[in-house]
Amino acid sequence: MVENSHVLYAREPALGIPEFRRVLVESSLGEVRPVDDEARLKAMLEGANLIVTARLDMARLDMAGLDMAHLDMGGRPLIGVARCLTDFSWVCYISDLAVSAKAQGLGIGKGLMDEVARQLGPSVAISLISMPDAVGFYERIGMKRVPDAFWISRQR
């Protein structure tokens, strides 16, 4: 587990469906993911072989005197997730990078990307397909656009 101020980044292979669904809904990915299909969400989590999470450490926030009541959660609430598929040797595909809207703009997405890179090590490349409104984010954190990508749309 890596700690960054009041956010804890960790590999979390047993992430539960309700928390995963909540973060997808609270992020822009909720509009394009099957958030109402629990069986499919379960399969998505089970098929990922690297899941990195960002959680608020509420105890540390309380000690710092910060008011986080607007989050209406206790303990260590999930505020971001990176769901990845990788061979841990050559490449990692990030299939979901979701950050709760209330936590966007605080560096959580970059923190998740940094933790994924740390988990993988320097010999593994990272790839993803960006949502149109997130392109600027990926460019700002130093990812390069790749011109040759191909896609076959899903049937459902």
# chains A, B, ... in the order shown; residues from 1 in each chain; ligands from 1
$ residues_around --residues "range 78-92 of chain A" --least-positions-apart "6" --cutoff "8 Å" --atoms "only C-alpha atoms" --output "MDAnalysis selection string"
chainID A and resid 19:20 23 45 47:56 98:100 103 108:109 112:113 116 120 123:127
$ atom_distance --atom1 "CA of Gln155 in chain A" --atom2 "CA of Arg22 in chain A"
24.8 Å
$ select_by_dssp --residues "chain A" --states "alpha helix (DSSP H)" --output "VMD selection string"
chain A and resid 17 to 26 38 to 47 58 to 63 108 to 120 135 to 140
$ closest_residue --among "A:Gly75, A:Ile129, A:Leu24, A:Ala134" --to "Asp148 in chain A" --atoms "only C-alpha atoms"
A:Ile129
$ residues_around --residues "Phe150 in chain A" --least-positions-apart "3" --cutoff "12 Å" --atoms "only C-alpha atoms" --output "PyMOL selection string"
chain A and resi 128-129+146-147+153
$ write_last_selection --atoms "N, CA, C and O atoms" --output "CSV table (one decimal), in the first residue's frame"
chain,number,residue,atom,x,y,z
A,128,LEU,N,-4.1,2.4,-23.0
A,128,LEU,CA,-5.6,2.6,-22.7
A,128,LEU,C,-6.2,3.3,-23.8
A,128,LEU,O,-5.6,3.8,-24.7
A,129,ILE,N,-7.6,3.2,-23.8
A,129,ILE,CA,-8.4,4.0,-24.8
A,129,ILE,C,-9.1,5.0,-24.0
A,129,ILE,O,-9.9,4.7,-23.0
A,146,VAL,N,-1.2,7.5,-29.5
A,146,VAL,CA,-0.7,6.5,-30.5
A,146,VAL,C,-1.7,6.6,-31.6
A,146,VAL,O,-2.9,6.4,-31.4
A,147,PRO,N,-1.3,6.8,-32.9
A,147,PRO,CA,-2.2,7.0,-34.0
A,147,PRO,C,-2.8,5.7,-34.5
A,147,PRO,O,-3.9,5.7,-35.0
A,153,SER,N,-16.6,-3.0,-32.3
A,153,SER,CA,-17.6,-2.7,-31.3
A,153,SER,C,-18.3,-4.0,-30.7
A,153,SER,O,-18.5,-4.9,-31.5
$ select_by_dssp --residues "range 45-132 of chain A" --states "strand (DSSP E or B)" --output "MDAnalysis selection string"
chainID A and resid 50:56 78:86 91:99 125:128
$ write_last_selection --atoms "N, CA, C and O atoms" --output "compact mmCIF listing (two decimals), in the first residue's frame"
# COMPACT_ATOMS: atom_id res chain seq x y z
N LEU A 50 -5.08 -6.98 -12.40
CA LEU A 50 -4.48 -5.93 -11.59
C LEU A 50 -5.55 -4.88 -11.33
O LEU A 50 -6.04 -4.24 -12.27
N ILE A 51 -5.93 -4.74 -10.08
CA ILE A 51 -6.89 -3.71 -9.67
C ILE A 51 -6.20 -2.86 -8.63
O ILE A 51 -5.74 -3.36 -7.59
N VAL A 52 -6.09 -1.56 -8.93
CA VAL A 52 -5.46 -0.61 -8.01
C VAL A 52 -6.54 0.36 -7.57
O VAL A 52 -7.32 0.86 -8.39
N THR A 53 -6.58 0.60 -6.27
CA THR A 53 -7.61 1.48 -5.72
C THR A 53 -6.99 2.70 -5.05
O THR A 53 -5.83 2.69 -4.64
N ALA A 54 -7.82 3.73 -4.93
CA ALA A 54 -7.50 4.93 -4.16
C ALA A 54 -8.59 5.07 -3.12
O ALA A 54 -9.77 5.09 -3.46
N ARG A 55 -8.18 5.12 -1.86
CA ARG A 55 -9.13 5.24 -0.76
C ARG A 55 -8.74 6.42 0.12
O ARG A 55 -7.56 6.64 0.39
N LEU A 56 -9.75 7.15 0.58
CA LEU A 56 -9.51 8.23 1.55
C LEU A 56 -9.28 7.60 2.91
O LEU A 56 -10.00 6.70 3.32
N LEU A 78 -13.76 4.23 -1.04
CA LEU A 78 -13.16 4.15 -2.36
C LEU A 78 -13.48 5.42 -3.13
O LEU A 78 -14.64 5.82 -3.22
N ILE A 79 -12.45 6.07 -3.67
CA ILE A 79 -12.67 7.27 -4.47
C ILE A 79 -12.12 7.12 -5.89
O ILE A 79 -12.36 7.97 -6.74
N GLY A 80 -11.40 6.02 -6.14
CA GLY A 80 -10.87 5.81 -7.47
C GLY A 80 -10.43 4.37 -7.68
O GLY A 80 -10.09 3.68 -6.72
N VAL A 81 -10.46 3.94 -8.94
CA VAL A 81 -10.04 2.58 -9.26
C VAL A 81 -9.44 2.54 -10.66
O VAL A 81 -9.90 3.25 -11.56
N ALA A 82 -8.40 1.72 -10.79
CA ALA A 82 -7.82 1.39 -12.10
C ALA A 82 -7.96 -0.11 -12.25
O ALA A 82 -7.43 -0.87 -11.44
N ARG A 83 -8.71 -0.52 -13.27
CA ARG A 83 -8.92 -1.95 -13.54
C ARG A 83 -8.09 -2.29 -14.77
O ARG A 83 -8.25 -1.67 -15.83
N CYS A 84 -7.18 -3.27 -14.62
CA CYS A 84 -6.18 -3.51 -15.64
C CYS A 84 -6.07 -4.98 -16.03
O CYS A 84 -6.37 -5.88 -15.22
N LEU A 85 -5.62 -5.20 -17.26
CA LEU A 85 -5.30 -6.52 -17.79
C LEU A 85 -3.84 -6.48 -18.22
O LEU A 85 -3.46 -5.61 -19.00
N THR A 86 -3.04 -7.41 -17.70
CA THR A 86 -1.61 -7.36 -18.00
C THR A 86 -0.98 -8.74 -17.96
O THR A 86 -1.49 -9.65 -17.31
N VAL A 91 3.15 -5.60 -21.44
CA VAL A 91 2.19 -4.51 -21.57
C VAL A 91 1.05 -4.67 -20.57
O VAL A 91 0.73 -5.79 -20.15
N CYS A 92 0.45 -3.55 -20.23
CA CYS A 92 -0.73 -3.50 -19.36
C CYS A 92 -1.76 -2.63 -20.05
O CYS A 92 -1.46 -1.51 -20.48
N TYR A 93 -2.98 -3.13 -20.16
CA TYR A 93 -4.09 -2.36 -20.71
C TYR A 93 -4.97 -1.91 -19.55
O TYR A 93 -5.46 -2.74 -18.77
N ILE A 94 -5.16 -0.62 -19.41
CA ILE A 94 -6.05 -0.10 -18.37
C ILE A 94 -7.43 0.00 -18.98
O ILE A 94 -7.68 0.84 -19.85
N SER A 95 -8.32 -0.86 -18.53
CA SER A 95 -9.67 -0.89 -19.10
C SER A 95 -10.60 0.10 -18.42
O SER A 95 -11.58 0.51 -19.03
N ASP A 96 -10.33 0.45 -17.18
CA ASP A 96 -11.11 1.46 -16.47
C ASP A 96 -10.18 2.29 -15.60
O ASP A 96 -9.38 1.72 -14.85
N LEU A 97 -10.29 3.59 -15.69
CA LEU A 97 -9.66 4.50 -14.74
C LEU A 97 -10.78 5.45 -14.33
O LEU A 97 -11.19 6.31 -15.11
N ALA A 98 -11.31 5.23 -13.14
CA ALA A 98 -12.47 5.99 -12.69
C ALA A 98 -12.17 6.67 -11.36
O ALA A 98 -11.62 6.05 -10.46
N VAL A 99 -12.53 7.94 -11.28
CA VAL A 99 -12.38 8.71 -10.05
C VAL A 99 -13.72 9.38 -9.76
O VAL A 99 -14.31 10.01 -10.64
N ALA A 125 4.93 -1.65 -20.53
CA ALA A 125 4.26 -0.49 -21.12
C ALA A 125 2.81 -0.45 -20.64
O ALA A 125 2.23 -1.48 -20.28
N ILE A 126 2.22 0.74 -20.66
CA ILE A 126 0.82 0.93 -20.25
C ILE A 126 0.06 1.53 -21.42
O ILE A 126 0.50 2.51 -22.03
N SER A 127 -1.10 0.94 -21.72
CA SER A 127 -1.94 1.46 -22.80
C SER A 127 -3.38 1.59 -22.29
O SER A 127 -3.77 0.96 -21.32
N LEU A 128 -4.14 2.43 -22.99
CA LEU A 128 -5.56 2.58 -22.68
C LEU A 128 -6.24 3.27 -23.83
O LEU A 128 -5.59 3.83 -24.71
$ atom_distance --atom1 "CA of Leu29 in chain A" --atom2 "CA of Leu106 in chain A"
17.8 Å
$ atom_distance --atom1 "CA of His6 in chain A" --atom2 "CA of Ser27 in chain A"
20.1 Å
$ closest_residue --among "A:Ala149, A:Glu115, A:Arg40, A:Gly16" --to "Ser130 in chain A" --atoms "only C-alpha atoms"
A:Ala149
$ closest_residue --among "A:Arg154, A:Lys102, A:Arg21, A:Lys110" --to "Asp36 in chain A" --atoms "only C-alpha atoms"
A:Arg21
$ decode --residues "range 113-136 of chain A" --atoms "N, CA, C and O atoms" --output "CSV table (one decimal), in the first residue's frame"
chain,number,residue,atom,x,y,z
A,113,MET,N,-2.5,6.1,-11.7
A,113,MET,CA,-1.6,5.7,-12.8
A,113,MET,C,-0.2,5.5,-12.3
A,113,MET,O,0.5,4.6,-12.7
A,114,ASP,N,0.3,6.3,-11.4
A,114,ASP,CA,1.6,6.2,-10.8
A,114,ASP,C,1.7,4.8,-10.1
A,114,ASP,O,2.7,4.1,-10.1
A,115,GLU,N,0.7,4.5,-9.3
A,115,GLU,CA,0.7,3.2,-8.6
A,115,GLU,C,0.6,2.0,-9.5
A,115,GLU,O,1.3,1.0,-9.3
A,116,VAL,N,-0.1,2.1,-10.6
A,116,VAL,CA,-0.1,1.0,-11.6
A,116,VAL,C,1.3,0.9,-12.1
A,116,VAL,O,1.8,-0.3,-12.2
A,117,ALA,N,1.9,2.0,-12.5
A,117,ALA,CA,3.3,1.9,-13.0
A,117,ALA,C,4.2,1.3,-12.0
A,117,ALA,O,5.1,0.5,-12.3
A,118,ARG,N,4.1,1.7,-10.8
A,118,ARG,CA,4.9,1.2,-9.7
A,118,ARG,C,4.7,-0.3,-9.5
A,118,ARG,O,5.7,-1.1,-9.4
A,119,GLN,N,3.5,-0.8,-9.6
A,119,GLN,CA,3.2,-2.2,-9.4
A,119,GLN,C,3.8,-3.0,-10.6
A,119,GLN,O,4.2,-4.1,-10.4
A,120,LEU,N,3.8,-2.4,-11.8
A,120,LEU,CA,4.2,-3.1,-13.0
A,120,LEU,C,5.8,-3.1,-13.1
A,120,LEU,O,6.3,-4.1,-13.7
A,121,GLY,N,6.4,-2.1,-12.7
A,121,GLY,CA,7.8,-1.9,-12.9
A,121,GLY,C,8.1,-1.3,-14.3
A,121,GLY,O,7.2,-1.1,-15.1
A,122,PRO,N,9.4,-0.9,-14.5
A,122,PRO,CA,9.8,-0.1,-15.6
A,122,PRO,C,9.8,-0.9,-17.0
A,122,PRO,O,9.9,-0.2,-18.0
A,123,SER,N,9.7,-2.2,-17.0
A,123,SER,CA,9.7,-2.9,-18.2
A,123,SER,C,8.4,-3.2,-18.9
A,123,SER,O,8.3,-3.9,-19.9
A,124,VAL,N,7.3,-2.7,-18.2
A,124,VAL,CA,6.0,-2.9,-18.7
A,124,VAL,C,5.3,-1.6,-19.3
A,124,VAL,O,5.3,-0.7,-18.5
A,125,ALA,N,4.9,-1.7,-20.5
A,125,ALA,CA,4.3,-0.5,-21.1
A,125,ALA,C,2.8,-0.4,-20.6
A,125,ALA,O,2.2,-1.5,-20.3
A,126,ILE,N,2.2,0.7,-20.7
A,126,ILE,CA,0.8,0.9,-20.2
A,126,ILE,C,0.1,1.5,-21.4
A,126,ILE,O,0.5,2.5,-22.0
A,127,SER,N,-1.1,0.9,-21.7
A,127,SER,CA,-1.9,1.5,-22.8
A,127,SER,C,-3.4,1.6,-22.3
A,127,SER,O,-3.8,1.0,-21.3
A,128,LEU,N,-4.1,2.4,-23.0
A,128,LEU,CA,-5.6,2.6,-22.7
A,128,LEU,C,-6.2,3.3,-23.8
A,128,LEU,O,-5.6,3.8,-24.7
A,129,ILE,N,-7.6,3.2,-23.8
A,129,ILE,CA,-8.4,4.0,-24.8
A,129,ILE,C,-9.1,5.0,-24.0
A,129,ILE,O,-9.9,4.7,-23.0
A,130,SER,N,-8.9,6.3,-24.3
A,130,SER,CA,-9.5,7.4,-23.5
A,130,SER,C,-10.9,7.7,-24.0
A,130,SER,O,-11.2,7.7,-25.1
A,131,MET,N,-11.7,8.1,-23.0
A,131,MET,CA,-13.0,8.7,-23.3
A,131,MET,C,-12.6,10.1,-23.9
A,131,MET,O,-11.6,10.7,-23.5
A,132,PRO,N,-13.4,10.6,-24.8
A,132,PRO,CA,-13.1,11.9,-25.4
A,132,PRO,C,-12.8,13.1,-24.4
A,132,PRO,O,-11.9,13.8,-24.6
A,133,ASP,N,-13.6,13.1,-23.4
A,133,ASP,CA,-13.4,14.2,-22.4
A,133,ASP,C,-12.3,14.1,-21.5
A,133,ASP,O,-12.0,15.0,-20.7
A,134,ALA,N,-11.5,12.9,-21.6
A,134,ALA,CA,-10.4,12.7,-20.7
A,134,ALA,C,-9.1,12.8,-21.4
A,134,ALA,O,-8.0,12.6,-20.8
A,135,VAL,N,-9.1,13.0,-22.7
A,135,VAL,CA,-7.9,13.1,-23.5
A,135,VAL,C,-6.9,14.1,-22.9
A,135,VAL,O,-5.7,13.8,-22.7
A,136,GLY,N,-7.3,15.2,-22.5
A,136,GLY,CA,-6.4,16.3,-22.0
A,136,GLY,C,-5.8,15.8,-20.7
A,136,GLY,O,-4.6,16.1,-20.5
